[in-house]
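The data block below is work-v2.txt; it holds compact mmCIF, C-alpha atoms and all ligand atoms.
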# COMPACT_ATOMS: atom_id res chain seq x y z
CA MET A 14 0.00 0.00 0.00
CA THR A 15 1.62 3.19 1.09
CA GLY A 16 4.91 4.69 0.06
CA ALA A 17 6.71 3.55 2.90
CA THR A 18 6.42 4.84 6.23
CA PRO A 19 6.87 3.60 9.71
CA HIS A 20 4.76 5.70 12.00
CA SER A 21 4.39 3.17 14.76
CA ALA A 22 6.83 0.71 16.28
CA GLU A 23 5.28 -2.09 14.23
CA ALA A 24 5.28 -0.33 10.89
CA ARG A 25 7.96 -1.12 8.34
CA TRP A 26 9.46 0.83 5.52
CA THR A 27 8.39 -0.79 2.26
CA PRO A 28 9.85 0.92 -0.76
CA ALA A 29 7.28 1.92 -3.36
CA SER A 30 7.70 3.76 -6.63
CA LEU A 31 5.85 5.84 -9.14
CA GLN A 32 6.65 6.45 -12.81
CA ALA A 33 6.48 10.09 -13.93
CA GLY A 34 7.44 10.27 -17.61
CA GLY A 35 11.01 8.96 -17.77
CA TRP A 36 11.53 9.31 -14.02
CA ARG A 37 11.17 6.43 -11.62
CA ILE A 38 10.51 7.99 -8.22
CA THR A 39 10.89 5.91 -5.07
CA ALA A 40 9.85 6.97 -1.57
CA LEU A 41 12.75 6.68 0.87
CA TYR A 42 12.58 7.20 4.62
CA ASP A 43 14.67 9.02 7.16
CA ALA A 44 12.81 9.57 10.44
CA THR A 45 9.58 10.14 12.24
CA PHE A 46 9.33 13.14 14.53
CA GLY A 47 6.79 15.30 16.28
CA LEU A 48 5.93 19.00 16.09
CA ASP A 49 3.33 20.94 18.02
CA GLY A 50 -0.04 20.42 16.34
CA GLY A 51 -1.01 24.06 16.82
CA ALA A 52 2.18 25.23 15.08
CA MET A 53 1.55 22.81 12.20
CA TRP A 54 -2.02 24.04 11.78
CA GLY A 55 -1.78 27.80 12.36
CA VAL A 56 -5.23 29.38 12.78
CA VAL A 57 -7.12 26.15 12.06
CA PRO A 58 -9.14 25.25 15.21
CA LYS A 59 -7.91 22.26 17.15
CA ASN A 60 -11.30 20.56 17.10
CA LEU A 61 -10.87 20.39 13.31
CA TRP A 62 -7.17 19.46 12.97
CA ALA A 63 -7.22 16.97 15.86
CA ARG A 64 -9.59 14.81 13.80
CA LEU A 65 -7.21 14.85 10.82
CA THR A 66 -3.91 14.50 12.70
CA PRO A 67 -4.62 13.23 16.24
CA PRO A 68 -2.18 14.78 18.75
CA ALA A 69 -0.22 12.97 21.45
CA GLU A 70 -0.70 14.00 25.10
CA ASP A 71 1.93 16.74 24.68
CA ASN A 72 -0.01 18.14 21.68
CA THR A 73 2.59 17.04 19.10
CA ILE A 74 1.54 15.37 15.87
CA ARG A 75 3.52 12.68 14.05
CA LEU A 76 5.43 13.76 10.99
CA ALA A 77 7.69 11.94 8.58
CA ALA A 78 10.95 13.11 7.05
CA ARG A 79 10.62 11.30 3.74
CA PRO A 80 13.15 11.99 0.98
CA PHE A 81 12.68 10.50 -2.50
CA LEU A 82 15.03 8.93 -5.07
CA ALA A 83 14.42 9.91 -8.70
CA GLU A 84 16.15 7.91 -11.44
CA LYS A 85 16.27 8.37 -15.19
CA ASP A 86 18.77 7.12 -17.79
CA GLY A 87 21.27 6.22 -15.08
CA VAL A 88 21.05 9.63 -13.37
CA LYS A 89 20.21 9.47 -9.67
CA VAL A 90 18.70 12.43 -7.87
CA VAL A 91 17.86 12.57 -4.15
CA ILE A 92 14.95 14.87 -3.36
CA GLU A 93 15.17 16.46 0.10
CA GLY A 94 17.69 15.66 2.79
CA GLY A 95 15.98 14.17 5.86
CA MET A 96 16.61 14.97 9.54
CA GLY A 97 19.86 13.09 9.96
CA ASP A 98 21.55 11.96 13.13
CA ARG A 99 23.35 15.05 14.41
CA TRP A 100 21.00 15.60 17.36
CA ASP A 101 21.60 15.41 21.08
CA ASP A 102 19.36 13.61 23.55
CA LYS A 103 17.56 16.79 24.54
CA PHE A 104 16.58 17.51 20.95
CA ARG A 105 15.57 13.89 20.32
CA LYS A 106 13.21 14.12 23.26
CA ILE A 107 11.75 17.52 22.37
CA TYR A 108 11.16 16.51 18.76
CA ARG A 109 10.25 12.91 19.59
CA LEU A 110 12.72 11.78 16.95
CA GLU A 111 12.19 8.10 16.19
CA ARG A 112 13.49 5.51 13.80
CA PRO A 113 11.45 2.39 14.53
CA GLU A 114 13.38 0.29 12.04
CA ALA A 115 16.66 2.16 12.37
CA THR A 116 15.97 3.53 8.91
CA THR A 117 17.92 6.47 7.66
CA LEU A 118 18.34 8.15 4.31
CA ARG A 119 21.60 6.21 3.88
CA ALA A 120 20.04 2.88 4.98
CA THR A 121 16.95 3.12 2.80
CA LEU A 122 19.10 3.91 -0.23
CA ALA A 123 21.34 0.95 0.64
CA ALA A 124 18.24 -1.27 0.74
CA LEU A 125 17.74 -0.28 -2.92
CA ASP A 126 21.41 -1.10 -3.67
CA VAL A 127 22.26 2.58 -4.04
CA GLY A 128 25.43 3.83 -2.36
CA PRO A 129 26.14 7.44 -1.38
CA GLU A 130 28.69 7.78 -4.20
CA ASP A 131 26.03 6.78 -6.76
CA ILE A 132 24.03 9.98 -6.21
CA ASP A 133 24.57 12.62 -8.92
CA HIS A 134 22.30 15.41 -7.67
CA VAL A 135 20.50 16.49 -4.51
CA VAL A 136 17.58 18.88 -4.93
CA VAL A 137 15.90 20.41 -1.89
CA SER A 138 12.77 22.52 -1.43
CA HIS A 139 14.34 24.69 1.28
CA CYS A 140 17.05 24.52 3.94
CA HIS A 141 15.23 24.02 7.27
CA PHE A 142 17.05 21.44 9.40
CA ASP A 143 14.32 18.83 9.02
CA HIS A 144 14.75 19.03 5.23
CA ILE A 145 18.54 18.85 4.82
CA GLY A 146 19.95 17.53 8.12
CA ALA A 147 20.94 14.10 6.78
CA LEU A 148 23.08 15.52 3.96
CA VAL A 149 25.98 16.06 6.36
CA GLU A 150 27.28 13.28 8.63
CA GLN A 151 29.40 13.49 11.75
CA ARG A 152 32.46 11.24 11.35
CA GLY A 153 34.77 11.53 14.33
CA ASP A 154 35.26 15.26 14.76
CA GLN A 155 34.64 15.96 11.08
CA LEU A 156 31.45 16.95 9.30
CA GLU A 157 31.35 15.14 5.97
CA PRO A 158 28.91 15.14 3.04
CA LEU A 159 26.74 12.03 2.88
CA PHE A 160 26.85 12.20 -0.93
CA PRO A 161 30.48 13.00 -1.78
CA ARG A 162 29.97 13.40 -5.55
CA ALA A 163 26.54 14.97 -5.72
CA ARG A 164 25.80 18.49 -6.88
CA HIS A 165 23.60 19.97 -4.14
CA HIS A 166 21.05 22.42 -5.57
CA PHE A 167 19.98 24.96 -2.93
CA PRO A 168 17.90 28.13 -3.38
CA THR A 169 20.24 31.11 -2.84
CA ALA A 170 17.75 32.79 -0.49
CA GLU A 171 17.71 29.68 1.72
CA VAL A 172 21.48 29.59 2.09
CA GLY A 173 21.32 33.30 2.90
CA ALA A 174 18.57 32.82 5.50
CA ALA A 175 20.60 30.11 7.24
CA ARG A 176 23.45 32.57 7.71
CA VAL A 177 21.53 35.58 9.08
CA ALA A 178 22.08 35.72 12.83
CA MET A 179 18.87 37.63 13.55
CA HIS A 180 16.59 35.66 11.26
CA PRO A 181 13.04 35.28 12.68
CA ARG A 182 13.23 31.54 11.93
CA ARG A 183 16.76 31.21 13.29
CA ALA A 184 15.74 28.02 15.13
CA SER A 185 14.81 26.33 11.85
CA TYR A 186 18.26 26.64 10.25
CA ARG A 187 21.75 25.32 11.09
CA ALA A 188 24.82 26.57 9.26
CA ASP A 189 26.42 23.15 9.88
CA ASP A 190 23.91 21.61 7.50
CA ILE A 191 25.26 23.76 4.67
CA ASP A 192 28.83 24.94 5.31
CA PRO A 193 30.58 21.54 4.97
CA LEU A 194 28.92 21.12 1.54
CA VAL A 195 29.87 24.64 0.43
CA GLU A 196 33.46 24.14 1.63
CA ARG A 197 33.80 21.07 -0.60
CA GLY A 198 32.39 22.89 -3.61
CA LEU A 199 29.30 20.70 -3.78
CA VAL A 200 26.63 23.44 -3.61
CA GLU A 201 25.08 25.08 -6.64
CA MET A 202 22.77 27.92 -5.74
CA HIS A 203 19.88 29.04 -7.91
CA ASP A 204 17.63 32.09 -7.83
CA GLY A 205 13.95 31.87 -8.64
CA ASP A 206 12.84 29.10 -11.00
CA HIS A 207 15.50 26.68 -12.20
CA ARG A 208 15.54 23.82 -14.67
CA LEU A 209 17.94 20.98 -13.85
CA PHE A 210 16.78 18.72 -16.70
CA GLU A 211 14.21 19.19 -19.42
CA ASP A 212 11.65 17.40 -17.24
CA LEU A 213 12.91 18.26 -13.73
CA GLU A 214 12.51 21.82 -12.57
CA MET A 215 12.30 23.85 -9.40
CA VAL A 216 9.56 26.47 -9.21
CA GLN A 217 9.81 29.13 -6.53
CA VAL A 218 6.81 29.33 -4.16
CA CYS A 219 8.02 31.52 -1.28
CA GLY A 220 5.78 32.12 1.70
CA HIS A 221 6.76 29.30 4.05
CA SER A 222 10.36 30.50 3.81
CA GLU A 223 12.31 32.96 1.67
CA GLY A 224 13.38 30.69 -1.14
CA MET A 225 11.28 27.52 -1.10
CA VAL A 226 10.70 25.71 -4.37
CA VAL A 227 8.29 23.02 -5.54
CA ILE A 228 10.14 20.28 -7.46
CA ARG A 229 8.35 19.27 -10.67
CA PHE A 230 8.78 16.09 -12.69
CA ASN A 231 7.52 15.66 -16.24
CA ALA A 232 5.35 18.79 -16.17
CA GLY A 233 3.06 18.70 -19.20
CA GLY A 234 4.55 15.42 -20.42
CA GLU A 235 2.94 12.07 -21.24
CA GLY A 236 1.97 9.89 -18.28
CA ASN A 237 2.15 11.04 -14.68
CA SER A 238 3.33 14.49 -13.80
CA ALA A 239 4.55 14.73 -10.21
CA ALA A 240 5.39 17.48 -7.74
CA PHE A 241 7.36 17.37 -4.52
CA TRP A 242 5.56 19.93 -2.39
CA GLY A 243 8.11 20.53 0.36
CA ASP A 244 6.28 22.52 3.02
CA LEU A 245 3.85 24.15 0.59
CA ILE A 246 1.55 21.18 1.32
CA PRO A 247 3.28 19.54 4.32
CA THR A 248 0.86 16.62 4.76
CA THR A 249 -1.99 15.19 2.70
CA HIS A 250 -4.34 16.81 5.23
CA HIS A 251 -3.10 20.36 4.60
CA ILE A 252 -5.06 20.61 1.37
CA GLN A 253 -7.48 23.52 1.82
CA PRO A 254 -5.85 26.88 0.95
CA PRO A 255 -6.19 28.47 4.45
CA TYR A 256 -4.58 25.47 6.23
CA ILE A 257 -1.31 27.37 6.62
CA MET A 258 1.31 26.46 9.22
CA ALA A 259 2.19 28.98 11.93
CA TYR A 260 5.82 28.49 10.79
CA ASP A 261 5.11 30.24 7.48
CA MET A 262 6.78 33.64 7.29
CA ASP A 263 4.55 35.34 4.73
CA VAL A 264 0.98 34.17 5.19
CA PRO A 265 -0.65 36.13 2.32
CA ARG A 266 2.01 34.78 -0.04
CA SER A 267 1.54 31.23 1.25
CA PHE A 268 -2.19 31.61 0.75
CA SER A 269 -1.90 32.74 -2.85
CA MET A 270 0.74 30.10 -3.69
CA ARG A 271 -1.32 27.35 -2.05
CA THR A 272 -4.53 28.52 -3.75
CA GLU A 273 -2.79 28.44 -7.12
CA TRP A 274 -1.00 25.10 -6.70
CA LEU A 275 -3.86 23.19 -5.06
CA ALA A 276 -6.10 24.18 -7.99
CA ARG A 277 -3.41 23.27 -10.52
CA ALA A 278 -2.78 19.92 -8.84
CA ALA A 279 -6.49 19.04 -8.98
CA ASP A 280 -7.03 20.36 -12.53
CA GLU A 281 -3.93 18.72 -14.02
CA GLY A 282 -4.00 15.51 -11.98
CA ILE A 283 -0.51 16.15 -10.60
CA VAL A 284 0.76 13.38 -8.32
CA GLY A 285 1.88 15.02 -5.08
CA MET A 286 4.97 13.67 -3.27
CA SER A 287 4.53 14.22 0.44
CA TYR A 288 7.47 14.79 2.77
CA HIS A 289 5.89 15.10 6.21
CA ASP A 290 2.83 12.88 5.89
CA PRO A 291 3.62 9.80 7.99
CA GLU A 292 1.21 7.57 6.09
CA ARG A 293 1.04 8.54 2.43
CA ALA A 294 3.90 9.31 0.04
CA PHE A 295 1.97 9.73 -3.22
CA THR A 296 -1.52 11.21 -3.56
CA ARG A 297 -3.60 13.10 -6.11
CA LEU A 298 -6.08 15.86 -5.34
CA GLU A 299 -9.71 15.81 -6.40
CA ARG A 300 -12.41 18.41 -5.93
CA ASP A 301 -15.40 17.74 -3.70
CA GLY A 302 -17.54 20.85 -4.12
CA LYS A 303 -15.35 23.73 -2.98
CA ARG A 304 -13.00 21.49 -1.04
CA TYR A 305 -10.16 19.21 -2.01
CA VAL A 306 -9.73 15.57 -1.08
CA ALA A 307 -6.51 13.56 -1.33
CA VAL A 308 -6.81 10.18 -3.05
CA ASP A 309 -4.27 7.39 -3.13
CA VAL A 310 -2.28 6.79 -6.29
CA PRO A 311 -1.49 3.23 -7.38
CA GLU A 312 2.18 2.62 -6.74
CA VAL A 313 4.50 0.11 -8.26
CA ALA A 314 6.35 -2.21 -5.92
CA VAL A 315 10.09 -1.73 -6.31
CA GLY A 316 11.51 -4.43 -8.55
CA ASP A 317 8.43 -4.68 -10.82
ZN ZN B 401 9.27 20.88 7.14
Structure rendered as structure tokens:
Amino acid sequence: MTGATPHSAEARWTPASLQAGGWRITALYDATFGLDGGAMWGVVPKNLWARLTPPAEDNTIRLAARPFLAEKDGVKVVIEGGMGDRWDDKFRKIYRLERPEATTLRATLAALDVGPEDIDHVVVSHCHFDHIGALVEQRGDQLEPLFPRARHHFPTAEVGAARVAMHPRRASYRADDIDPLVERGLVEMHDGDHRLFEDLEMVQVCGHSEGMVVIRFNAGGEGNSAAFWGDLIPTTHHIQPPYIMAYDMDVPRSFSMRTEWLARAADEGIVGMSYHDPERAFTRLERDGKRYVAVDVPEVAVGD
């Protein structure tokens, strides 16, 4: 069934894929963690969101950090960089960081017979720690890139935001997630929209953060067209335009971006790739009157 996501101690990561034009996209897995439900739902009343994402006793809701692997003609691209392991016990407790099956970005790739040196590109939506933390590993007293060969494509504004001492979302960025990659010459920054391949592009959708992009596969092509939403649509429950996280910096901008992209996703049948949803990796949107509903997309078991 689902793209892969332990959200309870019993659950197991089962790799599942989707074909989008020439791209084979496989849901990986890095971690499960918890964030305050109120912060994840902004002005949405708790009696509404608690039905969609039931909170624990400390009011946190379960979230996944789910990167994806995209492959085409021998090119391997990792989408989004997980939470990683560079967290102390205090943080692990606060964020309820869990890996029920000891899965990590590295381990789930290894389960697909993909080694770190096989990755050609890393594309990320934005540079918050829960989206790029696994791209740098602690080895002894050194910080080393997980993917030593990969070109890491970061929005310029995100790298900038991570380096501003007085940034209002200071707590969401760590320079250590970025600097070791920059020092080794692995980072390529891009401003605004950016096309990496003919059928893989980043489209800027700021609002949540200064430089966030949606990552599009096979837009307008034959077969499935897919989009990695990043935090534009953080879970498959955040699918009405006003369901905006309290973390978002520019709420009017988020609202207009979400209004535009939710409509486009429903009208064009775009397959959404979900990063934080602990249960569903791939869904499509349909209209139900004025509202949207997320429907499952048939996935292909890896190896088929
Ligand atoms: Zn996030």
Residues of chain A that approach ligand ZN 401 (chain B) to 12 Å or less, counting all atoms listed in the file: could you list each one with the shortest pair of atoms and its distance in Å to one decimal, rows by chain and increasing residue number, as a tab-separated table?
residue	atom	partner	partner_atom	distance
A:Thr45	CA	B:ZN401	ZN	11.9
A:Phe46	CA	B:ZN401	ZN	10.7
A:Gly47	CA	B:ZN401	ZN	11.0
A:Leu48	CA	B:ZN401	ZN	9.7
A:Ala52	CA	B:ZN401	ZN	11.5
A:Met53	CA	B:ZN401	ZN	9.4
A:Leu76	CA	B:ZN401	ZN	9.0
A:Ala77	CA	B:ZN401	ZN	9.2
A:Ala78	CA	B:ZN401	ZN	8.0
A:Arg79	CA	B:ZN401	ZN	10.3
A:Pro80	CA	B:ZN401	ZN	11.5
A:Glu93	CA	B:ZN401	ZN	10.2
A:Gly94	CA	B:ZN401	ZN	10.8
A:Gly95	CA	B:ZN401	ZN	9.6
A:Met96	CA	B:ZN401	ZN	9.7
A:Val137	CA	B:ZN401	ZN	11.2
A:Ser138	CA	B:ZN401	ZN	9.4
A:His139	CA	B:ZN401	ZN	8.6
A:Cys140	CA	B:ZN401	ZN	9.2
A:His141	CA	B:ZN401	ZN	6.7
A:Phe142	CA	B:ZN401	ZN	8.1
A:Asp143	CA	B:ZN401	ZN	5.8
A:His144	CA	B:ZN401	ZN	6.1
A:Ile145	CA	B:ZN401	ZN	9.8
A:Gly146	CA	B:ZN401	ZN	11.2
A:Ser185	CA	B:ZN401	ZN	9.1
A:Tyr186	CA	B:ZN401	ZN	11.1
A:His221	CA	B:ZN401	ZN	9.3
A:Ser222	CA	B:ZN401	ZN	10.2
A:Met225	CA	B:ZN401	ZN	10.8
A:Trp242	CA	B:ZN401	ZN	10.3
A:Gly243	CA	B:ZN401	ZN	6.9
A:Asp244	CA	B:ZN401	ZN	5.3
A:Leu245	CA	B:ZN401	ZN	9.1
A:Ile246	CA	B:ZN401	ZN	9.7
A:Pro247	CA	B:ZN401	ZN	6.8
A:Thr248	CA	B:ZN401	ZN	9.7
A:Met258	CA	B:ZN401	ZN	9.9
A:Ala259	CA	B:ZN401	ZN	11.8
A:Tyr260	CA	B:ZN401	ZN	9.1
A:Asp261	CA	B:ZN401	ZN	10.2
A:Ser287	CA	B:ZN401	ZN	10.6
A:Tyr288	CA	B:ZN401	ZN	7.7
A:His289	CA	B:ZN401	ZN	6.8
A:Asp290	CA	B:ZN401	ZN	10.3
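Of the listed residues (A:Ala175, A:Leu213, A:Leu275, A:Ala124), A:Leu213 comes nearest to Gly234 of chain A; the distances count only C-alpha atoms.
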- Shell around Glu214 of chain A at 10 Å using all atoms listed in the file, local window under 2 positions removed, as a ChimeraX atom specification: /A:136,206-212,216-217,226-232,240
Expressed in Å, the length from atom CA of Gln151 of chain A to atom CA of Phe167 of chain A is 20.9 Å
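For the residues A:Met286, A:Arg297, A:Ala29, A:Pro265, ranking by smallest atom-to-atom distance to Ile92 of chain A using all atoms listed in the file places A:Met286 first.
A cut-off of 7 Å from the point (22.3, 12.5, 11.8), with only C-alpha atoms, picks out the residues Met96, Gly97, Asp98, Arg99, Trp100, Gly146, Ala147 and Glu150 of chain A.
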Correct to one decimal, the distance atom CA of Thr169 of chain A-atom CA of Glu223 of chain A is 9.3 Å
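Among the candidates A:Asp204, A:Thr116, A:Val90, A:Leu110, the one nearest to Phe160 of chain A when counting only C-alpha atoms is A:Val90.
Among A:Glu171, A:Asp71, A:Asp126, A:Asp131, the residue with the shortest atom-to-atom distance to Gly51 of chain A, counting all atoms listed in the file, is A:Asp71.
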Taken to one decimal, the atom CA of Ala163 of chain A-atom CA of Glu292 of chain A distance is 28.9 Å
Show which residues sit within 9 Å of Arg271 of chain A, as a PyMOL selection string. Count only C-alpha atoms, and ignore same-chain residues fewer than 6 positions away. chain A and resi 218+245-246+252-255+257
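Close to (18.4, 3.8, 1.1), meaning no more than 10 Å away when counting all atoms listed in the file, sit the residues Pro28, Thr39, Ala40, Leu41, Tyr42, Asp43, Pro80, Phe81, Leu82, Thr116, Thr117, Leu118, Arg119, Ala120, Thr121, Leu122, Ala123, Ala124, Leu125, Asp126, Val127, Gly128 and Pro129 of chain A.
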